[in-house]
$ cat start.tsv   # TSV, C-alpha atoms
chain	number	residue	atom	x	y	z
A	1	MET	CA	-24.55	17.63	6.68
A	2	LEU	CA	-24.01	16.57	10.29
A	3	THR	CA	-24.06	19.42	12.78
A	4	GLN	CA	-21.96	17.84	15.53
A	5	SER	CA	-18.95	15.59	15.91
A	6	SER	CA	-20.00	12.18	14.66
A	7	THR	CA	-19.05	9.31	12.35
A	8	ARG	CA	-21.03	7.59	9.62
A	9	VAL	CA	-20.64	5.44	6.53
A	10	LEU	CA	-20.09	7.71	3.54
A	11	GLU	CA	-22.27	7.49	0.43
A	12	PRO	CA	-21.53	8.17	-3.26
A	13	ALA	CA	-22.77	11.74	-2.85
A	14	ASP	CA	-19.93	12.35	-0.37
A	15	LEU	CA	-17.25	11.66	-2.99
A	16	GLY	CA	-16.07	15.25	-3.41
A	17	ALA	CA	-15.62	15.83	0.31
A	18	ALA	CA	-13.85	12.47	0.73
A	19	LEU	CA	-11.42	13.20	-2.10
A	20	ALA	CA	-10.62	16.57	-0.58
A	21	VAL	CA	-9.52	14.82	2.62
A	22	LEU	CA	-7.58	12.13	0.73
A	23	GLU	CA	-5.79	14.56	-1.55
A	24	SER	CA	-4.67	16.71	1.39
A	25	ALA	CA	-1.96	14.09	2.02
A	26	PRO	CA	-1.34	12.61	-1.44
A	27	VAL	CA	1.69	10.46	-0.57
A	28	GLU	CA	0.36	8.91	2.64
A	29	ASN	CA	-3.06	8.29	1.13
A	30	ALA	CA	-2.06	7.09	-2.35
A	31	PHE	CA	-3.37	3.55	-1.87
A	32	VAL	CA	-6.88	4.54	-0.75
A	33	THR	CA	-7.05	7.58	-3.03
A	34	ALA	CA	-6.38	5.40	-6.07
A	35	ARG	CA	-9.18	3.02	-5.07
A	36	VAL	CA	-11.66	5.82	-4.46
A	37	GLN	CA	-10.82	7.61	-7.71
A	38	LEU	CA	-11.45	4.36	-9.58
A	39	ALA	CA	-14.46	3.01	-7.72
A	40	GLY	CA	-16.10	5.91	-5.92
A	41	LEU	CA	-17.68	5.30	-2.51
A	42	ASP	CA	-20.18	2.57	-3.37
A	43	PRO	CA	-19.18	-0.31	-1.06
A	44	TRP	CA	-19.67	-2.97	-3.73
A	45	ARG	CA	-17.29	-1.27	-6.14
A	46	LEU	CA	-14.91	0.02	-3.48
A	47	GLY	CA	-14.55	-3.35	-1.79
A	48	GLY	CA	-15.45	-1.96	1.61
A	49	GLU	CA	-16.99	0.93	3.48
A	50	MET	CA	-15.57	4.41	3.92
A	51	TRP	CA	-16.25	5.82	7.36
A	52	GLY	CA	-16.25	9.56	7.78
A	53	TRP	CA	-15.60	11.62	10.91
A	54	TYR	CA	-17.31	14.99	11.04
A	55	SER	CA	-16.11	17.72	13.35
A	56	ASP	CA	-18.53	20.63	13.70
A	57	GLY	CA	-20.33	19.39	10.62
A	58	ARG	CA	-17.22	19.21	8.41
A	59	LEU	CA	-15.68	15.98	7.12
A	60	THR	CA	-12.11	15.92	8.45
A	61	SER	CA	-11.07	12.26	8.81
A	62	LEU	CA	-11.72	8.96	7.06
A	63	CYS	CA	-11.27	5.26	7.70
A	64	TYR	CA	-11.36	2.67	4.93
A	65	SER	CA	-12.86	-0.60	6.17
A	66	GLY	CA	-12.32	-3.43	3.72
A	67	ALA	CA	-9.66	-6.11	3.43
A	68	ASN	CA	-7.53	-3.57	5.30
A	69	LEU	CA	-8.56	-1.11	7.98
A	70	VAL	CA	-6.87	2.20	7.12
A	71	PRO	CA	-7.15	5.41	9.19
A	72	ILE	CA	-6.82	8.48	6.96
A	73	CYS	CA	-5.94	11.96	8.24
A	74	ALA	CA	-7.35	10.69	11.52
A	75	THR	CA	-7.39	13.00	14.52
A	76	PRO	CA	-7.35	11.47	18.03
A	77	GLU	CA	-11.11	12.01	18.32
A	78	ALA	CA	-11.67	10.35	14.95
A	79	VAL	CA	-9.49	7.38	15.91
A	80	ARG	CA	-11.61	6.78	19.01
A	81	ALA	CA	-14.80	6.96	16.96
A	82	PHE	CA	-13.42	4.60	14.31
A	83	ALA	CA	-12.32	2.15	17.01
A	84	ASP	CA	-15.80	2.20	18.56
A	85	ARG	CA	-17.40	1.43	15.19
A	86	ALA	CA	-14.84	-1.28	14.40
A	87	LEU	CA	-15.48	-2.99	17.73
A	88	ARG	CA	-19.23	-2.90	17.13
A	89	VAL	CA	-19.09	-4.47	13.68
A	90	GLY	CA	-16.30	-6.93	14.48
A	91	ARG	CA	-13.07	-7.65	12.65
A	92	ARG	CA	-13.50	-8.15	8.90
A	93	CYS	CA	-10.01	-7.14	7.79
A	94	SER	CA	-6.76	-9.09	7.46
A	95	SER	CA	-4.65	-6.11	8.50
A	96	ILE	CA	-4.63	-2.60	9.92
A	97	VAL	CA	-2.26	-0.29	8.09
A	98	GLY	CA	-1.66	3.44	7.95
A	99	PRO	CA	0.43	6.31	9.30
A	100	ALA	CA	2.20	5.10	12.44
A	101	GLY	CA	0.71	7.50	15.00
A	102	PRO	CA	-3.02	7.06	14.33
A	103	THR	CA	-2.59	3.36	13.53
A	104	ALA	CA	-0.81	2.72	16.83
A	105	GLU	CA	-3.60	4.43	18.76
A	106	LEU	CA	-6.27	2.59	16.76
A	107	TRP	CA	-4.61	-0.75	17.52
A	108	ARG	CA	-4.27	0.14	21.22
A	109	LEU	CA	-8.04	0.61	21.36
A	110	LEU	CA	-8.84	-2.46	19.26
A	111	GLU	CA	-6.34	-4.95	20.68
A	112	PRO	CA	-8.42	-5.94	23.75
A	113	GLY	CA	-11.27	-6.99	21.46
A	114	TRP	CA	-9.41	-8.02	18.33
A	115	GLY	CA	-6.06	-9.28	19.61
A	116	PRO	CA	-3.74	-10.93	19.56
A	117	ALA	CA	-2.28	-10.04	16.16
A	118	ARG	CA	-0.10	-12.43	14.19
A	119	ASP	CA	2.49	-9.68	13.72
A	120	VAL	CA	2.82	-5.99	14.56
A	121	ARG	CA	5.23	-3.88	12.53
A	122	ALA	CA	5.22	-0.69	14.50
A	123	HIS	CA	7.65	1.39	12.44
A	124	GLN	CA	7.86	1.08	8.65
A	125	PRO	CA	9.73	4.04	7.17
A	126	LEU	CA	7.86	5.87	4.40
A	127	MET	CA	10.29	6.88	1.66
A	128	VAL	CA	9.81	9.16	-1.35
A	129	ALA	CA	11.68	10.27	-4.46
A	130	ASP	CA	10.72	12.95	-6.98
A	131	ARG	CA	13.61	12.67	-9.46
A	132	PRO	CA	15.51	9.87	-11.19
A	133	SER	CA	18.47	8.39	-9.36
A	134	ALA	CA	21.59	10.52	-9.60
A	135	THR	CA	23.89	7.79	-8.33
A	136	VAL	CA	22.54	4.43	-9.58
A	137	GLU	CA	22.29	3.56	-13.27
A	138	PRO	CA	18.90	2.01	-14.10
A	139	ASP	CA	18.98	-1.63	-15.15
A	140	PRO	CA	18.17	-1.54	-18.91
A	141	LEU	CA	16.80	-5.10	-18.69
A	142	VAL	CA	14.02	-4.16	-16.25
A	143	ARG	CA	10.87	-3.67	-18.30
A	144	ARG	CA	7.10	-3.93	-18.17
A	145	VAL	CA	5.86	-7.50	-17.82
A	146	ARG	CA	3.78	-8.68	-20.79
A	147	LYS	CA	0.39	-10.31	-20.37
A	148	ASP	CA	1.72	-13.56	-21.82
A	149	GLU	CA	4.34	-13.69	-19.03
A	150	MET	CA	1.89	-14.12	-16.14
A	151	ASP	CA	2.97	-17.72	-15.61
A	152	VAL	CA	6.58	-16.53	-15.30
A	153	LEU	CA	5.77	-13.68	-12.93
A	154	MET	CA	3.35	-15.45	-10.57
A	155	PRO	CA	5.86	-17.72	-8.78
A	156	ALA	CA	7.99	-14.65	-7.97
A	157	CYS	CA	4.93	-12.77	-6.70
A	158	VAL	CA	3.89	-15.68	-4.49
A	159	ALA	CA	7.44	-16.02	-3.13
A	160	MET	CA	7.62	-12.29	-2.38
A	161	PHE	CA	4.23	-12.22	-0.62
A	162	THR	CA	4.97	-15.31	1.46
A	163	GLU	CA	8.39	-13.97	2.46
A	164	GLU	CA	7.03	-10.53	3.34
A	165	VAL	CA	3.70	-11.34	5.00
A	166	GLY	CA	4.42	-14.77	6.42
A	167	VAL	CA	1.51	-16.60	4.79
A	168	SER	CA	0.93	-17.74	1.22
A	169	PRO	CA	-1.46	-15.69	-0.94
A	170	ILE	CA	-2.72	-18.88	-2.58
A	171	ALA	CA	-4.13	-20.31	0.64
A	172	GLY	CA	-7.89	-20.43	0.91
A	173	ASP	CA	-9.17	-19.71	-2.60
A	174	GLY	CA	-6.20	-21.25	-4.40
A	175	GLY	CA	-4.84	-17.82	-5.20
A	176	LEU	CA	-7.66	-16.66	-7.49
A	177	LEU	CA	-7.98	-13.20	-5.93
A	178	TYR	CA	-4.23	-12.72	-5.76
A	179	GLN	CA	-3.75	-13.83	-9.34
A	180	ALA	CA	-6.48	-11.41	-10.43
A	181	ARG	CA	-4.69	-8.56	-8.64
A	182	VAL	CA	-1.36	-9.42	-10.30
A	183	ALA	CA	-3.11	-9.67	-13.67
A	184	GLU	CA	-4.62	-6.22	-13.10
A	185	LEU	CA	-1.17	-4.73	-12.47
A	186	VAL	CA	0.30	-6.46	-15.52
A	187	GLY	CA	-2.63	-5.38	-17.70
A	188	SER	CA	-2.29	-1.76	-16.60
A	189	GLY	CA	1.46	-1.72	-17.32
A	190	ARG	CA	2.44	-1.33	-13.66
A	191	ALA	CA	4.36	-4.60	-13.18
A	192	PHE	CA	8.10	-4.52	-13.91
A	193	ALA	CA	10.70	-7.26	-13.94
A	194	ARG	CA	14.04	-8.45	-15.22
A	195	ILE	CA	13.40	-11.85	-16.76
A	196	GLU	CA	16.16	-14.14	-18.02
A	197	ASP	CA	15.75	-17.69	-19.33
A	198	GLY	CA	12.14	-17.77	-18.21
A	199	LYS	CA	12.90	-16.75	-14.61
A	200	VAL	CA	12.39	-13.51	-12.69
A	201	LEU	CA	15.60	-12.06	-11.27
A	202	PHE	CA	14.06	-8.79	-10.01
A	203	LYS	CA	10.50	-7.52	-9.84
A	204	ALA	CA	8.44	-4.65	-8.45
A	205	GLU	CA	5.01	-3.19	-9.08
A	206	ILE	CA	3.42	0.24	-8.89
A	207	GLY	CA	0.58	-0.87	-6.68
A	208	ALA	CA	-1.27	2.44	-6.38
A	209	ALA	CA	-1.25	5.43	-8.69
A	210	THR	CA	-2.91	8.84	-8.63
A	211	ARG	CA	-2.16	12.06	-10.49
A	212	GLN	CA	-0.16	13.29	-7.50
A	213	ALA	CA	1.76	10.24	-6.28
A	214	CYS	CA	2.29	6.54	-6.77
A	215	GLN	CA	3.48	3.74	-4.52
A	216	ILE	CA	5.93	0.95	-5.34
A	217	GLN	CA	5.29	-2.44	-3.77
A	218	GLY	CA	6.34	-6.06	-4.09
A	219	VAL	CA	10.07	-5.45	-4.51
A	220	TRP	CA	11.81	-8.84	-4.75
A	221	VAL	CA	15.10	-10.30	-5.93
A	222	ALA	CA	15.52	-14.03	-6.54
A	223	PRO	CA	17.46	-15.45	-3.55
A	224	GLU	CA	20.31	-16.77	-5.69
A	225	HIS	CA	20.87	-13.28	-7.15
A	226	ARG	CA	20.81	-11.25	-3.93
A	227	GLY	CA	23.85	-9.22	-3.01
A	228	LYS	CA	24.62	-8.36	-6.63
A	229	GLY	CA	23.04	-4.87	-6.65
A	230	LEU	CA	19.97	-5.90	-8.64
A	231	SER	CA	17.64	-4.28	-6.12
A	232	GLU	CA	19.34	-0.92	-6.61
A	233	THR	CA	19.58	-0.92	-10.40
A	234	GLY	CA	16.12	-2.45	-10.65
A	235	MET	CA	14.57	0.15	-8.37
A	236	ALA	CA	16.34	2.92	-10.28
A	237	ALA	CA	14.69	1.59	-13.44
A	238	VAL	CA	11.21	1.36	-11.87
A	239	LEU	CA	11.63	4.85	-10.40
A	240	GLN	CA	12.47	6.21	-13.83
A	241	HIS	CA	9.42	4.53	-15.40
A	242	ALA	CA	7.15	5.77	-12.61
A	243	LEU	CA	8.29	9.38	-12.82
A	244	THR	CA	8.08	9.40	-16.61
A	245	ASP	CA	4.72	7.70	-17.04
A	246	VAL	CA	2.77	7.72	-13.77
A	247	ALA	CA	3.21	10.48	-11.17
A	248	PRO	CA	5.61	13.25	-10.06
A	249	VAL	CA	6.27	11.65	-6.66
A	250	VAL	CA	7.10	8.00	-6.02
A	251	SER	CA	6.80	6.40	-2.58
A	252	LEU	CA	7.24	3.11	-0.80
A	253	TYR	CA	7.34	1.87	2.77
A	254	VAL	CA	9.67	-0.75	4.16
A	255	ASN	CA	10.13	-2.69	7.39
A	256	ASP	CA	12.54	-0.89	9.69
A	257	TYR	CA	14.46	-4.10	10.37
A	258	ASN	CA	15.19	-4.57	6.67
A	259	THR	CA	18.36	-2.50	6.81
A	260	PRO	CA	19.78	-3.73	3.47
A	261	ALA	CA	16.63	-2.64	1.62
A	262	ARG	CA	16.52	0.74	3.37
A	263	ALA	CA	20.16	1.36	2.50
A	264	ALA	CA	19.57	0.33	-1.13
A	265	TYR	CA	16.58	2.65	-1.48
A	266	ARG	CA	18.57	5.53	0.00
A	267	ARG	CA	21.37	4.91	-2.50
A	268	VAL	CA	18.81	5.06	-5.32
A	269	GLY	CA	17.62	8.44	-4.01
A	270	PHE	CA	14.63	7.74	-1.76
A	271	GLU	CA	14.39	9.78	1.44
A	272	GLU	CA	12.51	8.89	4.62
A	273	VAL	CA	9.66	11.34	5.29
A	274	GLY	CA	7.51	9.50	7.83
A	275	ALA	CA	6.46	6.07	8.98
A	276	PHE	CA	3.65	3.58	8.51
A	277	MET	CA	2.53	0.81	10.85
A	278	SER	CA	1.00	-2.57	9.99
A	279	VAL	CA	-0.92	-5.00	12.18
A	280	LEU	CA	-1.30	-8.43	10.56
A	281	PHE	CA	-3.92	-11.02	11.56

$ encode --input "start.tsv" --output "structure tokens"
Amino acid sequence: MLTQSSTRVLEPADLGAALAVLESAPVENAFVTARVQLAGLDPWRLGGEMWGWYSDGRLTSLCYSGANLVPICATPEAVRAFADRALRVGRRCSSIVGPAGPTAELWRLLEPGWGPARDVRAHQPLMVADRPSATVEPDPLVRRVRKDEMDVLMPACVAMFTEEVGVSPIAGDGGLLYQARVAELVGSGRAFARIEDGKVLFKAEIGAATRQACQIQGVWVAPEHRGKGLSETGMAAVLQHALTDVAPVVSLYVNDYNTPARAAYRRVGFEEVGAFMSVLF
């Protein structure tokens, strides 16, 4: 155990202490918690390093450094230490994402060395629901996607990602990694869609799941079917599935400028409880 304030790369033996930090904020940390519960802290299995900040010898803050850089329960002192380490090792991530306050400070410290970013989304409301919708009837045609429907689902996933992030997920490796991630979600029963005549009208996935909370991602409605309420009834259906089969609290975060989506989620029963921030490279 370290005896002073310091940061280091965590090892498998630190798993218990790391989970204690992660589980102290189960909704905010659902994405990283799910990865750590599945893979532990071995970098090869985790897909990146977990940095730990020790204050007076006690682990109090974390930072996941993989495809994303994610500050976790990060105090101001921890953010400065994580920024120093990130500047030393250089940028390896495609985005920085996390609770808005620590992420904004982390980016302020990193921007002179890592900037400019392709896009900065400084305020993305974090929304949660812990009960089925009381006002929107779930779409009975929204169901789990079957494994033999991957070829139907993939074009919708690619369209959603490109629309949301601004780049195609099939660039570079031809989409192999992205297709593997979608296949993982389908195989685990966490991909949902309304499919008619071989086309996806609505889709969403439960991208991260722990015993305490899960996170919905990838919400998309086919352009020709927007404005018909499918996002509301579809989300009500996914919310019902998630609460019944996955976790007692369901979360998502959304761009603050996407006022139609925020209004739809509120009508379904989601409430804003905080904010995330994303920096995209």

$ residues_around --input "start.tsv" --residues "segment 78-84 of chain A" --least-positions-apart "2" --cutoff "9 Å" --atoms "all atoms listed in the file" --output "list in words"
Ser6, Thr7, Trp51, Gly52, Trp53, Tyr54, Ser55, Thr60, Ser61, Leu62, Cys63, Pro71, Cys73, Ala74, Thr75, Pro76, Ala86, Leu87, Arg88, Val89, Pro102, Thr103, Glu105, Leu106, Trp107, Leu109 and Leu110 of chain A

$ closest_atom_pairs --input "start.tsv" --of "segment 151-228 of chain A" --to "segment 111-130 of chain A" --cutoff "12 Å" --atoms "only C-alpha atoms" --output "tab-separated table"
residue	atom	partner	partner_atom	distance
A:Glu164	CA	A:Asp119	CA	11.4
A:Val165	CA	A:Asp119	CA	9.0
A:Gly166	CA	A:Asp119	CA	9.1
A:Val167	CA	A:Arg118	CA	10.4
A:Gln212	CA	A:Asp130	CA	10.9
A:Ala213	CA	A:Asp130	CA	9.4
A:Cys214	CA	A:Val128	CA	9.6
A:Gln215	CA	A:Val128	CA	8.9
A:Ile216	CA	A:Val128	CA	9.9
A:Gln217	CA	A:Met127	CA	11.9

$ atom_distance --input "start.tsv" --atom1 "atom CA of Leu141 of chain A" --atom2 "atom CA of Thr210 of chain A"
26.2 Å

$ residues_near_point --input "start.tsv" --point "(7.2, 7.1, 11.7)" --cutoff "6 Å" --atoms "all atoms listed in the file" --output "number ranges by chain"
A: 100, 123, 274-276

$ closest_residue --input "start.tsv" --among "A:Glu28, A:Glu196, A:Asp148, A:Ala263" --to "Gly98 of chain A" --atoms "only C-alpha atoms"
A:Glu28

$ closest_residue --input "start.tsv" --among "A:Val273, A:Val200, A:Val142, A:Leu280" --to "Ala236 of chain A" --atoms "all atoms listed in the file"
A:Val142

$ axis_aligned_box --input "start.tsv" --around "segment 169-176 of chain A" --padding-each-side "6 Å" --output "JSON"
{"center_x": -5.3, "center_y": -18.5, "center_z": -3.3, "size_x": 19.7, "size_y": 17.6, "size_z": 20.4}

$ atom_distance --input "start.tsv" --atom1 "atom CA of Val246 of chain A" --atom2 "atom CA of Asn29 of chain A"
16.0 Å

$ atom_distance --input "start.tsv" --atom1 "atom CA of Leu230 of chain A" --atom2 "atom CA of Val97 of chain A"
28.4 Å

$ closest_residue --input "start.tsv" --among "A:Val136, A:Ile195, A:Val279, A:Ile170" --to "Thr233 of chain A" --atoms "only C-alpha atoms"
A:Val136

$ residues_around --input "start.tsv" --residues "Val219 of chain A" --least-positions-apart "4" --cutoff "9 Å" --atoms "only C-alpha atoms" --output "list in words"
Met160, Phe202, Lys203, Ala204, Glu205, Ser231 and Met235 of chain A

$ closest_residue --input "start.tsv" --among "A:Ala209, A:Gly198, A:Tyr64, A:Val152" --to "Val182 of chain A" --atoms "all atoms listed in the file"
A:Val152

$ residues_around --input "start.tsv" --residues "Pro155 of chain A" --least-positions-apart "2" --cutoff "12 Å" --atoms "all atoms listed in the file" --output "PyMOL selection string"
chain A and resi 149-153+157-162+168-170+175+178-179+182+198-201+203+220+222

$ write_last_selection --input "start.tsv" --atoms "C-alpha atoms" --output "mmCIF file, in the frame of the given file"
data_model
loop_
_atom_site.group_PDB
_atom_site.id
_atom_site.type_symbol
_atom_site.label_atom_id
_atom_site.label_comp_id
_atom_site.auth_asym_id
_atom_site.auth_seq_id
_atom_site.Cartn_x
_atom_site.Cartn_y
_atom_site.Cartn_z
ATOM 1 C CA GLU A 149 4.340 -13.690 -19.030
ATOM 2 C CA MET A 150 1.890 -14.120 -16.140
ATOM 3 C CA ASP A 151 2.970 -17.720 -15.610
ATOM 4 C CA VAL A 152 6.580 -16.530 -15.300
ATOM 5 C CA LEU A 153 5.770 -13.680 -12.930
ATOM 6 C CA CYS A 157 4.930 -12.770 -6.700
ATOM 7 C CA VAL A 158 3.890 -15.680 -4.490
ATOM 8 C CA ALA A 159 7.440 -16.020 -3.130
ATOM 9 C CA MET A 160 7.620 -12.290 -2.380
ATOM 10 C CA PHE A 161 4.230 -12.220 -0.620
ATOM 11 C CA THR A 162 4.970 -15.310 1.460
ATOM 12 C CA SER A 168 0.930 -17.740 1.220
ATOM 13 C CA PRO A 169 -1.460 -15.690 -0.940
ATOM 14 C CA ILE A 170 -2.720 -18.880 -2.580
ATOM 15 C CA GLY A 175 -4.840 -17.820 -5.200
ATOM 16 C CA TYR A 178 -4.230 -12.720 -5.760
ATOM 17 C CA GLN A 179 -3.750 -13.830 -9.340
ATOM 18 C CA VAL A 182 -1.360 -9.420 -10.300
ATOM 19 C CA GLY A 198 12.140 -17.770 -18.210
ATOM 20 C CA LYS A 199 12.900 -16.750 -14.610
ATOM 21 C CA VAL A 200 12.390 -13.510 -12.690
ATOM 22 C CA LEU A 201 15.600 -12.060 -11.270
ATOM 23 C CA LYS A 203 10.500 -7.520 -9.840
ATOM 24 C CA TRP A 220 11.810 -8.840 -4.750
ATOM 25 C CA ALA A 222 15.520 -14.030 -6.540
#

$ residues_around --input "start.tsv" --residues "Ser94 of chain A" --least-positions-apart "6" --cutoff "9 Å" --atoms "only C-alpha atoms" --output "list in words"
Gly66, Ala67, Asn68, Leu69, Val279, Leu280 and Phe281 of chain A

$ residues_around --input "start.tsv" --residues "Gln240 of chain A" --least-positions-apart "4" --cutoff "9 Å" --atoms "all atoms listed in the file" --output "ChimeraX atom specification"
/A:131-133,138,235-236,244-245

$ closest_residue --input "start.tsv" --among "A:Cys93, A:Ala34, A:Leu176, A:Ala183" --to "Ala247 of chain A" --atoms "all atoms listed in the file"
A:Ala34

$ closest_residue --input "start.tsv" --among "A:Ala13, A:Asp173, A:Pro260, A:Arg146" --to "Gly187 of chain A" --atoms "all atoms listed in the file"
A:Arg146

$ residues_near_point --input "start.tsv" --point "(-21.0, 8.3, -4.2)" --cutoff "10 Å" --atoms "all atoms listed in the file" --output "list in words"
Leu10, Glu11, Pro12, Ala13, Asp14, Leu15, Gly16, Ala18, Val36, Ala39, Gly40, Leu41, Asp42 and Pro43 of chain A

$ decode --input "start.tsv" --residues "segment 59-75 of chain A" --atoms "N, CA, C and O atoms" --output "short mmCIF file (atom, residue, chain, number, x, y, z; two decimals), in the first residue's frame"
data_model
loop_
_atom_site.label_atom_id
_atom_site.label_comp_id
_atom_site.auth_asym_id
_atom_site.auth_seq_id
_atom_site.Cartn_x
_atom_site.Cartn_y
_atom_site.Cartn_z
N LEU A 59 -6.87 4.07 -1.79
CA LEU A 59 -7.32 4.24 -3.17
C LEU A 59 -8.65 4.99 -3.17
O LEU A 59 -9.64 4.52 -2.61
N THR A 60 -8.67 6.17 -3.80
CA THR A 60 -9.88 6.99 -3.78
C THR A 60 -10.40 7.35 -5.17
O THR A 60 -11.58 7.68 -5.31
N SER A 61 -9.55 7.32 -6.18
CA SER A 61 -9.95 7.70 -7.53
C SER A 61 -9.31 6.77 -8.55
O SER A 61 -8.24 6.20 -8.30
N LEU A 62 -9.99 6.64 -9.70
CA LEU A 62 -9.51 5.78 -10.77
C LEU A 62 -9.55 6.52 -12.10
O LEU A 62 -10.27 7.53 -12.25
N CYS A 63 -8.82 6.00 -13.07
CA CYS A 63 -8.93 6.49 -14.44
C CYS A 63 -8.69 5.30 -15.36
O CYS A 63 -7.63 4.67 -15.32
N TYR A 64 -9.70 4.98 -16.17
CA TYR A 64 -9.55 3.90 -17.15
C TYR A 64 -8.90 4.47 -18.40
O TYR A 64 -9.36 5.46 -18.97
N SER A 65 -7.81 3.85 -18.84
CA SER A 65 -7.08 4.30 -20.01
C SER A 65 -7.05 3.19 -21.04
O SER A 65 -6.23 2.28 -20.97
N GLY A 66 -7.99 3.26 -21.98
CA GLY A 66 -8.08 2.28 -23.05
C GLY A 66 -8.51 3.00 -24.32
O GLY A 66 -7.97 4.04 -24.67
N ALA A 67 -9.51 2.45 -25.01
CA ALA A 67 -10.04 3.14 -26.18
C ALA A 67 -10.65 4.47 -25.78
O ALA A 67 -10.71 5.41 -26.57
N ASN A 68 -11.12 4.54 -24.53
CA ASN A 68 -11.60 5.79 -23.94
C ASN A 68 -10.73 6.11 -22.73
O ASN A 68 -10.18 5.21 -22.10
N LEU A 69 -10.62 7.38 -22.41
CA LEU A 69 -10.00 7.80 -21.16
C LEU A 69 -11.13 8.26 -20.26
O LEU A 69 -11.88 9.19 -20.62
N VAL A 70 -11.30 7.60 -19.10
CA VAL A 70 -12.48 7.82 -18.27
C VAL A 70 -12.07 8.10 -16.83
O VAL A 70 -11.63 7.19 -16.11
N PRO A 71 -12.21 9.35 -16.35
CA PRO A 71 -11.95 9.62 -14.93
C PRO A 71 -13.11 9.11 -14.08
O PRO A 71 -14.28 9.27 -14.44
N ILE A 72 -12.78 8.48 -12.95
CA ILE A 72 -13.79 7.82 -12.13
C ILE A 72 -13.64 8.29 -10.68
O ILE A 72 -12.58 8.11 -10.07
N CYS A 73 -14.70 8.90 -10.15
CA CYS A 73 -14.66 9.41 -8.78
C CYS A 73 -13.40 10.24 -8.56
O CYS A 73 -12.76 10.16 -7.50
N ALA A 74 -13.06 11.05 -9.55
CA ALA A 74 -11.77 11.73 -9.56
C ALA A 74 -11.82 13.07 -8.84
O ALA A 74 -12.56 13.97 -9.24
N THR A 75 -11.03 13.19 -7.79
CA THR A 75 -10.87 14.46 -7.08
C THR A 75 -9.99 15.38 -7.93
O THR A 75 -9.31 14.94 -8.86
#
